[in-house]
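Novice: Mind looking over this structure? Questions follow.
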Amino acid sequence: MITREPVAYPSPRNAVGALGRKLMLLCRQVGMASVLLARGVIAARHMLHPRSRREIVRQMYVAGIRSLGVITVVAVFTGMILALQTGIELRRFNQEVNIGTAVMVSMLREMGPFMTGLILAACVGSAMAAQIGTMAVSEEVAALEIMSIDPVRFLFMPRLASMAVMTPLLAFYTCVMGVLGGGIVGSTQLGVAWGAYIDNATRYAEVKDLYVGLLKAFLFGVIIATVSCYQGFTTTQGAVGVGMSTRQSVIVSFLLVLIVGYFVTRLFYV
């Protein structure tokens, strides 16, 4: 049973009580989201069911193919900005030929998965929260439970699986497009030949950088799906609540992408 009813807590009498209430609510939300994620992972054993498989493919199309346009533009200009800013500084030392290394490593380690996570949180995560939130306030989720249909398996698991698969793929695509964008700036504005740019980009980048970036993207996808669907399931107060849940899902996803990205980098590179 997914609880959507608000929990009543006594009004705090002082600042300490208000802080304790906020901490208690935070712990409760983290615990419920963790339980939702665990239930989604357990429900993944039904992924090969024809109905689940069709829904997963549909969600992969929504999360991946329909986001390609925005991701392409952001990735190309991210690579162009990295190449321009790095090249301007390296040109002072006559080392602008090394911008390929800077762009490749930056995109693989950080900017590729980071920008992908932010875009998916804003475009896909918000849509998930709004859709499930609308179903929650219109009692459609409760109707599924009454008909003995598990909302976690029916709504959350396909979205979790699609985000876990598509986010690393989109992050890799972002890295490729970012490197191409950096090469355009290098060849047109910094006088770096394409051959030299690609040679430096591939010579010093390590396979570890790719693996760490894909791991980050996978974690970001799981986080975005879990946060967005949790906010949707716990939506109350009608249309106003749907807007609040959508906004909250984007904010929390952004913060967790930043925090988890830092700790993964700290774990593998320090």
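Quick note on naming: the chains in the structure tokens go A, B, ... in the order shown, residues restart at 1 in each chain, and ligands are numbered from 1 in order of appearance.
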With a cut-off of 7 Å, could you pull out the residues of range 51-152 of chain A touching range 243-264 of chain A and give me the nearest pair of atoms for each, distance in Å to one decimal, using only C-alpha atoms, ordered by chain and ascending number, as a Markdown table?
Specialist:
```
| residue | atom | partner | partner_atom | distance |
| --- | --- | --- | --- | --- |
| A:Gly117 | CA | A:Val257 | CA | 6.8 |
| A:Leu118 | CA | A:Phe254 | CA | 6.3 |
| A:Ala121 | CA | A:Val250 | CA | 5.8 |
| A:Ala122 | CA | A:Val250 | CA | 5.9 |
| A:Gly125 | CA | A:Val250 | CA | 6.9 |
| A:Ser126 | CA | A:Thr246 | CA | 5.2 |
| A:Ala129 | CA | A:Thr246 | CA | 5.3 |
| A:Ala130 | CA | A:Thr246 | CA | 5.6 |
```
Novice: Using only C-alpha atoms, which protein or nucleic acid residues come within 8 Å of Ala43 in chain A? Drop anything in the same chain fewer than 6 positions from it, and give the result as a VMD selection string.
Specialist: chain A and resid 152 to 153 157
Novice: Calculated over only C-alpha atoms, which of the candidates A:Val270, A:Ile132, A:Leu219, A:Arg66 has the smallest distance to Phe154 in chain A?
Specialist: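 So, comparing all the options, the nearest one is A:Ile132.
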Novice: Give me, as JSON lines, each residue of range 152-256 of chain A that comes within 8 Å of range 18-39 of chain A, together with its shortest interatomic pair and the distance in Å at one decimal, counting only C-alpha atoms, with rows ordered by chain and rising residue number.
Specialist:
```
{"residue": "A:Val152", "atom": "CA", "partner": "A:Arg39", "partner_atom": "CA", "distance": 7.0}
{"residue": "A:Thr226", "atom": "CA", "partner": "A:Leu37", "partner_atom": "CA", "distance": 6.2}
{"residue": "A:Val227", "atom": "CA", "partner": "A:Ala33", "partner_atom": "CA", "distance": 7.0}
{"residue": "A:Tyr230", "atom": "CA", "partner": "A:Ala33", "partner_atom": "CA", "distance": 6.0}
```
Novice: Which residue out of A:Arg45, A:Arg109, A:Arg91, A:Arg159 has the minimum interatomic distance to Gly213 in chain A when only C-alpha atoms are used?
Specialist: A:Arg109
Novice: With only C-alpha atoms as the counted atoms, please give the residues lying no more than 12 Å from Leu90 in chain A, apart from itself and same-chain residues fewer than 2 positions off, as a PyMOL selection string.
Specialist: chain A and resi 82-88+92-102+186+190+192
Novice: Among range 32-132 of chain A, which ones does DSSP place in alpha helix (DSSP H), written as a PyMOL selection string?
Specialist: chain A and resi 32-43+50-63+68-90+99-106+112-120+126-132
Novice: What does the distance between CA of Ser228 in chain A and CA of Met47 in chain A come to in Å, to one decimal place?
Specialist: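 Those two atoms sit 20.3 Å apart.
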Novice: For the contact check between range 35-112 of chain A and range 214-217 of chain A, emit one row per residue of range 35-112 of chain A within 9 Å, containing the shortest atom pair and the distance in Å rounded to one decimal, counting only C-alpha atoms, chain then rising number order, as a tab-separated table.
Specialist:
```
residue	atom	partner	partner_atom	distance
A:Leu108	CA	A:Leu214	CA	8.3
A:Arg109	CA	A:Lys216	CA	8.7
A:Glu110	CA	A:Lys216	CA	8.5
A:Gly112	CA	A:Ala217	CA	8.4
```
Novice: Of the candidates A:Gly178, A:Pro113, A:Pro158, A:Gly221, which one gets nearest to Pro50 in chain A if we count only C-alpha atoms?
Specialist: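 Result for the nearest residue to Pro50 in chain A: A:Pro158.
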